[in-house]
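Undergrad: The following file, start_8.cif, comprises mmCIF, C-alpha atoms:
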data_final
loop_
_atom_site.group_PDB
_atom_site.id
_atom_site.type_symbol
_atom_site.label_atom_id
_atom_site.label_comp_id
_atom_site.auth_asym_id
_atom_site.auth_seq_id
_atom_site.Cartn_x
_atom_site.Cartn_y
_atom_site.Cartn_z
ATOM 1 C CA MET A 1 -22.487 -92.909 -70.297
ATOM 2 C CA SER A 2 -20.462 -90.805 -72.701
ATOM 3 C CA GLY A 3 -20.607 -87.010 -72.761
ATOM 4 C CA GLY A 4 -20.142 -86.963 -76.555
ATOM 5 C CA THR A 5 -22.780 -86.755 -79.239
ATOM 6 C CA GLN A 6 -21.978 -89.981 -81.087
ATOM 7 C CA GLY A 7 -25.033 -92.196 -81.440
ATOM 8 C CA ARG A 8 -27.391 -89.394 -80.435
ATOM 9 C CA LYS A 9 -30.328 -88.467 -82.609
ATOM 10 C CA PRO A 10 -30.156 -85.081 -84.334
ATOM 11 C CA ARG A 11 -31.983 -82.194 -82.660
ATOM 12 C CA ARG A 12 -33.292 -80.585 -85.851
ATOM 13 C CA PRO A 13 -36.460 -82.711 -86.326
ATOM 14 C CA TYR A 14 -37.434 -82.230 -82.671
ATOM 15 C CA LEU A 15 -36.837 -78.477 -82.801
ATOM 16 C CA LEU A 16 -38.717 -78.251 -86.084
ATOM 17 C CA ARG A 17 -41.778 -80.032 -84.640
ATOM 18 C CA ALA A 18 -41.660 -77.905 -81.488
ATOM 19 C CA MET A 19 -41.446 -74.682 -83.492
ATOM 20 C CA VAL A 20 -44.374 -75.694 -85.730
ATOM 21 C CA ASP A 21 -46.453 -76.374 -82.606
ATOM 22 C CA TRP A 22 -45.400 -73.116 -80.942
ATOM 23 C CA ILE A 23 -46.051 -70.997 -84.041
ATOM 24 C CA SER A 24 -49.429 -72.660 -84.657
ATOM 25 C CA ASP A 25 -50.451 -72.392 -80.982
ATOM 26 C CA ASN A 26 -49.845 -68.640 -81.259
ATOM 27 C CA ASP A 27 -52.232 -68.454 -84.254
ATOM 28 C CA GLU A 28 -49.414 -67.699 -86.656
ATOM 29 C CA THR A 29 -48.357 -69.388 -89.894
ATOM 30 C CA PRO A 30 -45.207 -71.549 -89.962
ATOM 31 C CA HIS A 31 -42.917 -71.155 -92.963
ATOM 32 C CA ILE A 32 -39.744 -73.139 -93.585
ATOM 33 C CA VAL A 33 -36.680 -72.100 -95.555
ATOM 34 C CA VAL A 34 -35.384 -74.987 -97.650
ATOM 35 C CA ASP A 35 -32.037 -75.560 -99.343
ATOM 36 C CA ALA A 36 -33.359 -76.998 -102.596
ATOM 37 C CA THR A 37 -29.874 -78.141 -103.660
ATOM 38 C CA VAL A 38 -29.768 -80.906 -101.037
ATOM 39 C CA GLU A 39 -30.172 -84.383 -102.476
ATOM 40 C CA GLY A 40 -33.665 -85.767 -101.973
ATOM 41 C CA VAL A 41 -35.530 -82.439 -101.989
ATOM 42 C CA ARG A 42 -38.705 -82.808 -104.041
ATOM 43 C CA VAL A 43 -40.319 -79.417 -104.695
ATOM 44 C CA PRO A 44 -41.552 -77.694 -107.869
ATOM 45 C CA PRO A 45 -38.297 -76.418 -109.422
ATOM 46 C CA GLN A 46 -39.903 -73.310 -110.919
ATOM 47 C CA TYR A 47 -40.390 -71.891 -107.393
ATOM 48 C CA VAL A 48 -36.736 -72.300 -106.368
ATOM 49 C CA HIS A 49 -34.793 -69.025 -106.315
ATOM 50 C CA GLU A 50 -30.995 -69.047 -105.870
ATOM 51 C CA GLY A 51 -31.168 -72.602 -104.557
ATOM 52 C CA LYS A 52 -33.646 -71.722 -101.781
ATOM 53 C CA LEU A 53 -37.388 -71.964 -101.323
ATOM 54 C CA VAL A 54 -39.738 -70.684 -98.614
ATOM 55 C CA LEU A 55 -42.747 -72.917 -97.985
ATOM 56 C CA ASN A 56 -45.895 -72.287 -95.969
ATOM 57 C CA ILE A 57 -46.430 -75.450 -93.926
ATOM 58 C CA GLY A 58 -49.510 -74.177 -92.098
ATOM 59 C CA ALA A 59 -52.605 -76.377 -91.864
ATOM 60 C CA SER A 60 -54.481 -74.314 -94.464
ATOM 61 C CA ALA A 61 -51.666 -74.643 -97.030
ATOM 62 C CA THR A 62 -50.807 -78.332 -96.706
ATOM 63 C CA GLN A 63 -52.481 -81.711 -96.748
ATOM 64 C CA GLY A 64 -51.109 -84.676 -94.847
ATOM 65 C CA LEU A 65 -48.229 -82.790 -93.204
ATOM 66 C CA HIS A 66 -45.807 -85.280 -91.639
ATOM 67 C CA LEU A 67 -42.817 -83.950 -89.716
ATOM 68 C CA GLY A 68 -40.685 -87.060 -89.460
ATOM 69 C CA ASP A 69 -37.217 -87.631 -88.090
ATOM 70 C CA ASP A 70 -35.758 -87.813 -91.605
ATOM 71 C CA THR A 71 -38.189 -85.993 -93.907
ATOM 72 C CA VAL A 72 -40.922 -83.372 -94.015
ATOM 73 C CA ASP A 73 -43.677 -84.651 -96.299
ATOM 74 C CA PHE A 74 -46.935 -83.057 -97.419
ATOM 75 C CA SER A 75 -49.018 -82.204 -100.433
ATOM 76 C CA ALA A 76 -49.524 -78.579 -101.436
ATOM 77 C CA ARG A 77 -50.883 -76.605 -104.350
ATOM 78 C CA PHE A 78 -48.518 -74.540 -106.449
ATOM 79 C CA GLY A 79 -50.329 -72.337 -108.919
ATOM 80 C CA GLY A 80 -53.438 -74.441 -108.270
ATOM 81 C CA VAL A 81 -51.688 -77.694 -109.157
ATOM 82 C CA PRO A 82 -51.228 -80.305 -106.375
ATOM 83 C CA PHE A 83 -47.639 -81.400 -105.781
ATOM 84 C CA PRO A 84 -46.274 -84.048 -103.363
ATOM 85 C CA VAL A 85 -43.486 -82.291 -101.432
ATOM 86 C CA SER A 86 -40.693 -84.189 -99.692
ATOM 87 C CA ILE A 87 -37.819 -82.460 -97.923
ATOM 88 C CA PRO A 88 -35.005 -84.136 -96.002
ATOM 89 C CA VAL A 89 -34.913 -82.521 -92.550
ATOM 90 C CA ARG A 90 -31.236 -81.677 -93.096
ATOM 91 C CA ALA A 91 -32.355 -79.397 -95.990
ATOM 92 C CA VAL A 92 -34.521 -77.253 -93.672
ATOM 93 C CA LEU A 93 -32.425 -74.161 -92.974
ATOM 94 C CA GLY A 94 -34.909 -72.438 -90.692
ATOM 95 C CA ILE A 95 -38.487 -71.949 -89.582
ATOM 96 C CA TYR A 96 -40.339 -68.734 -88.787
ATOM 97 C CA ALA A 97 -43.804 -67.286 -88.250
ATOM 98 C CA ARG A 98 -44.958 -65.233 -91.224
ATOM 99 C CA GLU A 99 -46.813 -62.719 -89.061
ATOM 100 C CA SER A 100 -44.124 -61.914 -86.485
ATOM 101 C CA GLY A 101 -40.931 -63.115 -88.160
ATOM 102 C CA GLU A 102 -40.001 -65.009 -84.982
ATOM 103 C CA GLY A 103 -38.320 -68.324 -85.559
ATOM 104 C CA MET A 104 -35.133 -70.328 -85.600
ATOM 105 C CA ILE A 105 -32.220 -70.808 -87.989
ATOM 106 C CA PHE A 106 -30.528 -74.198 -88.073
ATOM 107 C CA THR A 107 -26.760 -74.421 -88.509
ATOM 108 C CA ASP A 108 -24.791 -76.874 -90.620
ATOM 109 C CA SER A 109 -22.738 -77.873 -87.601
ATOM 110 C CA GLU A 110 -25.726 -79.036 -85.578
ATOM 111 C CA GLY A 111 -24.568 -81.488 -82.974
ATOM 112 C CA ASP A 112 -20.935 -80.452 -83.158
ATOM 113 C CA PRO A 113 -19.397 -79.070 -79.984
ATOM 114 C CA PRO A 114 -18.897 -75.285 -79.958
ATOM 115 C CA PRO A 115 -15.545 -74.119 -81.388
ATOM 116 C CA GLY A 116 -12.700 -74.214 -78.896
ATOM 117 C CA ASN A 117 -13.985 -77.220 -76.957
ATOM 118 C CA ASP A 118 -11.409 -79.958 -76.969
ATOM 119 C CA GLY A 119 -13.279 -82.735 -75.267
ATOM 120 C CA PRO A 120 -16.714 -84.128 -74.513
ATOM 121 C CA ASP A 121 -16.717 -82.359 -71.134
ATOM 122 C CA GLY A 122 -16.724 -78.926 -72.764
ATOM 123 C CA GLY A 123 -13.062 -77.931 -72.782
ATOM 124 C CA SER A 124 -9.507 -78.700 -71.873
ATOM 125 C CA ASP A 125 -8.222 -78.912 -68.303
ATOM 126 C CA ASP A 126 -6.385 -75.598 -68.750
ATOM 127 C CA ASP A 127 -9.720 -73.790 -69.255
ATOM 128 C CA LYS A 128 -11.260 -75.037 -66.001
ATOM 129 C CA PRO A 129 -11.207 -72.855 -62.902
ATOM 130 C CA LYS A 130 -9.010 -74.113 -60.085
ATOM 131 C CA GLY A 131 -10.530 -74.933 -56.700
ATOM 132 C CA PRO A 132 -14.131 -75.050 -55.527
ATOM 133 C CA PRO A 133 -16.747 -72.711 -57.016
ATOM 134 C CA LYS A 134 -17.063 -69.346 -55.319
ATOM 135 C CA LEU A 135 -20.559 -68.059 -54.618
ATOM 136 C CA SER A 136 -21.483 -64.752 -53.061
ATOM 137 C CA VAL A 137 -24.760 -63.331 -51.793
ATOM 138 C CA VAL A 138 -26.092 -60.438 -53.848
ATOM 139 C CA LYS A 139 -28.378 -58.047 -51.985
#
When written as structure tokens, how does the structure in this file appear?

TA:
Amino acid sequence: MSGGTQGRKPRRPYLLRAMVDWISDNDETPHIVVDATVEGVRVPPQYVHEGKLVLNIGASATQGLHLGDDTVDFSARFGGVPFPVSIPVRAVLGIYARESGEGMIFTDSEGDPPPGNDGPDGGSDDDKPKGPPKLSVVK
């Protein structure tokens, strides 16, 4: 088994689904921040501001919400007019609860190792401590 991330599924769709569940379970309203410039985003263009759009994806605001591995799909009303929304998951920049502001921002480098790590094991041999780990009892 390799310690790298090649061939692994992206975390974003799983985190997105978990956050929607968590926000909804706490009786709050999930909103997503979308980069509307990403290819494949289908939203009403008149609601896009500076390339971004915030969408309420709560149960009362959407119909047929599907949080897939590749896309977020639902129907919503904009100015009273129904619109079929489709957003590639990679275009979702973040998710938060409207009431509390708690949420999560997704980074562009999702899945990449943190800066400074040279290998799949988390760093170069020079960065590793020498000898066995040292533990001490704290009273």

Undergrad: Let me have the centre and edge lengths in Å, one decimal, of the box along x, y and z around every listed atom of segment 7-15 of chain A with 8 Å of margin on each side, as JSON.

TA:
{"center_x": -31.2, "center_y": -85.3, "center_z": -83.4, "size_x": 28.4, "size_y": 29.7, "size_z": 21.9}

Undergrad: I'd like to know which of A:Asp108, A:Glu102, A:Glu28, A:Asp35 is closest to Arg12 of chain A, using all atoms listed in the file.

TA: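 Using all atoms listed in the file, the shortest distance to Arg12 of chain A belongs to A:Asp108.
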
Undergrad: To test your reading of the syntax: which residues would the PyMOL selection byres ((chain A and resi 37) around 12) return for the file shown? Reply as a VMD selection string.

TA: chain A and resid 34 to 36 38 to 43 45 48 to 53 87 to 88 90 to 93

Undergrad: As an exercise, work out the distance from atom CA of Asp27 of chain A to atom CA of Pro84 of chain A in Å and give it to one decimal place.

TA: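 Atom CA of Asp27 of chain A sits 25.4 Å away from atom CA of Pro84 of chain A.
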
Undergrad: When distances are computed from only C-alpha atoms, which of A:Ala97, A:Leu55, A:Leu67, A:Ala76 shows the smallest separation from Leu16 of chain A?

TA: A:Leu67

Undergrad: Could you work out how far atom CA of His31 of chain A lies from atom CA of Tyr14 of chain A, giving the answer in Å with one decimal?

TA: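 Calculated distance between atom CA of Tyr14 of chain A and atom CA of His31 of chain A is 16.1 Å.
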
Undergrad: Could you state which residues are captured by the PyMOL selection byres ((chain A and resi 57) around 9) in this file, as a ChimeraX atom specification?

TA: /A:20,29-32,55-56,58-62,65,74,76

Undergrad: Using C-alpha atoms, can you export the residues from the last selection as a compact mmCIF listing (two decimals), in the coordinates of the input?

TA:
# COMPACT_ATOMS: atom_id res chain seq x y z
CA VAL A 20 -44.37 -75.69 -85.73
CA THR A 29 -48.36 -69.39 -89.89
CA PRO A 30 -45.21 -71.55 -89.96
CA HIS A 31 -42.92 -71.16 -92.96
CA ILE A 32 -39.74 -73.14 -93.58
CA LEU A 55 -42.75 -72.92 -97.98
CA ASN A 56 -45.90 -72.29 -95.97
CA GLY A 58 -49.51 -74.18 -92.10
CA ALA A 59 -52.60 -76.38 -91.86
CA SER A 60 -54.48 -74.31 -94.46
CA ALA A 61 -51.67 -74.64 -97.03
CA THR A 62 -50.81 -78.33 -96.71
CA LEU A 65 -48.23 -82.79 -93.20
CA PHE A 74 -46.94 -83.06 -97.42
CA ALA A 76 -49.52 -78.58 -101.44

Undergrad: Report, in Å with one decimal, the straight-line distance from atom CA of Gly103 of chain A to atom CA of Asp70 of chain A.

TA: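 Rounded to one decimal, the two atoms are 20.6 Å apart.
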
Undergrad: Output segment 18-53 of chain A from the block with N, CA, C and O atoms, as a JSON list (two decimals), in the first residue's frame?

TA:
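Full text of decode.json as output:
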[["chain", "number", "residue", "atom", "x", "y", "z"],
["A", 18, "ALA", "N", -20.83, 15.77, 4.74],
["A", 18, "ALA", "CA", -20.79, 15.73, 6.21],
["A", 18, "ALA", "C", -21.17, 17.08, 6.80],
["A", 18, "ALA", "O", -21.92, 17.15, 7.78],
["A", 19, "MET", "N", -20.68, 18.16, 6.21],
["A", 19, "MET", "CA", -21.00, 19.49, 6.72],
["A", 19, "MET", "C", -22.48, 19.82, 6.53],
["A", 19, "MET", "O", -23.10, 20.43, 7.41],
["A", 20, "VAL", "N", -23.07, 19.43, 5.40],
["A", 20, "VAL", "CA", -24.50, 19.66, 5.20],
["A", 20, "VAL", "C", -25.29, 18.92, 6.27],
["A", 20, "VAL", "O", -26.20, 19.49, 6.88],
["A", 21, "ASP", "N", -24.93, 17.67, 6.54],
["A", 21, "ASP", "CA", -25.61, 16.90, 7.59],
["A", 21, "ASP", "C", -25.45, 17.56, 8.95],
["A", 21, "ASP", "O", -26.41, 17.71, 9.70],
["A", 22, "TRP", "N", -24.24, 17.96, 9.29],
["A", 22, "TRP", "CA", -23.95, 18.55, 10.59],
["A", 22, "TRP", "C", -24.70, 19.88, 10.77],
["A", 22, "TRP", "O", -25.31, 20.13, 11.81],
["A", 23, "ILE", "N", -24.66, 20.72, 9.75],
["A", 23, "ILE", "CA", -25.36, 22.01, 9.83],
["A", 23, "ILE", "C", -26.87, 21.78, 9.96],
["A", 23, "ILE", "O", -27.53, 22.39, 10.81],
["A", 24, "SER", "N", -27.42, 20.89, 9.15],
["A", 24, "SER", "CA", -28.86, 20.61, 9.20],
["A", 24, "SER", "C", -29.26, 19.97, 10.52],
["A", 24, "SER", "O", -30.32, 20.31, 11.08],
["A", 25, "ASP", "N", -28.45, 19.05, 11.03],
["A", 25, "ASP", "CA", -28.75, 18.40, 12.32],
["A", 25, "ASP", "C", -28.77, 19.40, 13.47],
["A", 25, "ASP", "O", -29.39, 19.16, 14.50],
["A", 26, "ASN", "N", -28.08, 20.52, 13.31],
["A", 26, "ASN", "CA", -28.06, 21.57, 14.33],
["A", 26, "ASN", "C", -29.10, 22.65, 14.05],
["A", 26, "ASN", "O", -29.03, 23.75, 14.59],
["A", 27, "ASP", "N", -30.09, 22.31, 13.21],
["A", 27, "ASP", "CA", -31.20, 23.21, 12.87],
["A", 27, "ASP", "C", -30.72, 24.55, 12.32],
["A", 27, "ASP", "O", -31.29, 25.61, 12.62],
["A", 28, "GLU", "N", -29.67, 24.49, 11.51],
["A", 28, "GLU", "CA", -29.17, 25.68, 10.86],
["A", 28, "GLU", "C", -29.27, 25.49, 9.35],
["A", 28, "GLU", "O", -29.60, 24.41, 8.88],
["A", 29, "THR", "N", -28.99, 26.53, 8.60],
["A", 29, "THR", "CA", -29.19, 26.52, 7.15],
["A", 29, "THR", "C", -27.85, 26.50, 6.42],
["A", 29, "THR", "O", -27.07, 27.44, 6.53],
["A", 30, "PRO", "N", -27.58, 25.42, 5.66],
["A", 30, "PRO", "CA", -26.31, 25.35, 4.93],
["A", 30, "PRO", "C", -26.30, 26.25, 3.70],
["A", 30, "PRO", "O", -27.25, 26.29, 2.93],
["A", 31, "HIS", "N", -25.22, 26.99, 3.56],
["A", 31, "HIS", "CA", -24.97, 27.84, 2.39],
["A", 31, "HIS", "C", -23.61, 27.44, 1.82],
["A", 31, "HIS", "O", -22.68, 27.18, 2.58],
["A", 32, "ILE", "N", -23.51, 27.42, 0.50],
["A", 32, "ILE", "CA", -22.23, 27.15, -0.13],
["A", 32, "ILE", "C", -21.77, 28.38, -0.89],
["A", 32, "ILE", "O", -22.57, 29.16, -1.40],
["A", 33, "VAL", "N", -20.45, 28.54, -0.93],
["A", 33, "VAL", "CA", -19.82, 29.61, -1.71],
["A", 33, "VAL", "C", -19.27, 28.95, -2.96],
["A", 33, "VAL", "O", -18.52, 27.97, -2.89],
["A", 34, "VAL", "N", -19.66, 29.48, -4.11],
["A", 34, "VAL", "CA", -19.34, 28.85, -5.40],
["A", 34, "VAL", "C", -18.48, 29.79, -6.24],
["A", 34, "VAL", "O", -18.76, 30.98, -6.34],
["A", 35, "ASP", "N", -17.45, 29.22, -6.86],
["A", 35, "ASP", "CA", -16.67, 29.94, -7.86],
["A", 35, "ASP", "C", -17.38, 29.74, -9.19],
["A", 35, "ASP", "O", -17.29, 28.68, -9.81],
["A", 36, "ALA", "N", -18.12, 30.75, -9.61],
["A", 36, "ALA", "CA", -18.95, 30.64, -10.81],
["A", 36, "ALA", "C", -18.14, 30.67, -12.09],
["A", 36, "ALA", "O", -18.69, 30.46, -13.18],
["A", 37, "THR", "N", -16.83, 30.89, -12.01],
["A", 37, "THR", "CA", -15.99, 30.91, -13.20],
["A", 37, "THR", "C", -15.50, 29.52, -13.61],
["A", 37, "THR", "O", -14.94, 29.36, -14.69],
["A", 38, "VAL", "N", -15.72, 28.53, -12.76],
["A", 38, "VAL", "CA", -15.27, 27.17, -13.06],
["A", 38, "VAL", "C", -16.16, 26.59, -14.16],
["A", 38, "VAL", "O", -17.39, 26.74, -14.14],
["A", 39, "GLU", "N", -15.52, 25.92, -15.10],
["A", 39, "GLU", "CA", -16.26, 25.31, -16.20],
["A", 39, "GLU", "C", -17.26, 24.30, -15.66],
["A", 39, "GLU", "O", -16.95, 23.51, -14.78],
["A", 40, "GLY", "N", -18.49, 24.37, -16.20],
["A", 40, "GLY", "CA", -19.52, 23.42, -15.80],
["A", 40, "GLY", "C", -20.50, 23.97, -14.77],
["A", 40, "GLY", "O", -21.52, 23.34, -14.50],
["A", 41, "VAL", "N", -20.21, 25.14, -14.20],
["A", 41, "VAL", "CA", -21.13, 25.74, -13.24],
["A", 41, "VAL", "C", -22.35, 26.25, -13.99],
["A", 41, "VAL", "O", -22.23, 27.01, -14.95],
["A", 42, "ARG", "N", -23.53, 25.81, -13.53],
["A", 42, "ARG", "CA", -24.78, 26.25, -14.15],
["A", 42, "ARG", "C", -25.64, 26.90, -13.07],
["A", 42, "ARG", "O", -26.29, 26.22, -12.27],
["A", 43, "VAL", "N", -25.57, 28.23, -13.02],
["A", 43, "VAL", "CA", -26.34, 29.05, -12.08],
["A", 43, "VAL", "C", -26.86, 30.26, -12.84],
["A", 43, "VAL", "O", -26.33, 30.60, -13.90],
["A", 44, "PRO", "N", -27.89, 30.95, -12.31],
["A", 44, "PRO", "CA", -28.35, 32.16, -13.00],
["A", 44, "PRO", "C", -27.26, 33.23, -12.98],
["A", 44, "PRO", "O", -26.84, 33.65, -11.90],
["A", 45, "PRO", "N", -26.76, 33.65, -14.12],
["A", 45, "PRO", "CA", -25.62, 34.58, -14.17],
["A", 45, "PRO", "C", -25.89, 35.93, -13.51],
["A", 45, "PRO", "O", -24.97, 36.57, -13.01],
["A", 46, "GLN", "N", -27.13, 36.37, -13.46],
["A", 46, "GLN", "CA", -27.43, 37.67, -12.89],
["A", 46, "GLN", "C", -27.21, 37.72, -11.37],
["A", 46, "GLN", "O", -27.17, 38.80, -10.79],
["A", 47, "TYR", "N", -27.03, 36.56, -10.73],
["A", 47, "TYR", "CA", -26.80, 36.53, -9.29],
["A", 47, "TYR", "C", -25.31, 36.35, -8.94],
["A", 47, "TYR", "O", -24.96, 36.29, -7.78],
["A", 48, "VAL", "N", -24.47, 36.26, -9.95],
["A", 48, "VAL", "CA", -23.03, 36.11, -9.74],
["A", 48, "VAL", "C", -22.44, 37.49, -9.51],
["A", 48, "VAL", "O", -22.71, 38.43, -10.26],
["A", 49, "HIS", "N", -21.64, 37.62, -8.45],
["A", 49, "HIS", "CA", -20.99, 38.89, -8.13],
["A", 49, "HIS", "C", -19.50, 38.65, -7.98],
["A", 49, "HIS", "O", -19.08, 37.84, -7.13],
["A", 50, "GLU", "N", -18.69, 39.31, -8.80],
["A", 50, "GLU", "CA", -17.23, 39.15, -8.80],
["A", 50, "GLU", "C", -16.81, 37.68, -8.92],
["A", 50, "GLU", "O", -15.89, 37.22, -8.25],
["A", 51, "GLY", "N", -17.53, 36.96, -9.76],
["A", 51, "GLY", "CA", -17.20, 35.57, -10.03],
["A", 51, "GLY", "C", -17.63, 34.57, -8.97],
["A", 51, "GLY", "O", -17.37, 33.39, -9.10],
["A", 52, "LYS", "N", -18.31, 35.05, -7.92],
["A", 52, "LYS", "CA", -18.71, 34.18, -6.81],
["A", 52, "LYS", "C", -20.22, 34.25, -6.62],
["A", 52, "LYS", "O", -20.88, 35.20, -7.02],
["A", 53, "LEU", "N", -20.74, 33.24, -5.95],
["A", 53, "LEU", "CA", -22.17, 33.16, -5.66],
["A", 53, "LEU", "C", -22.36, 32.39, -4.38],
["A", 53, "LEU", "O", -21.70, 31.36, -4.17]]
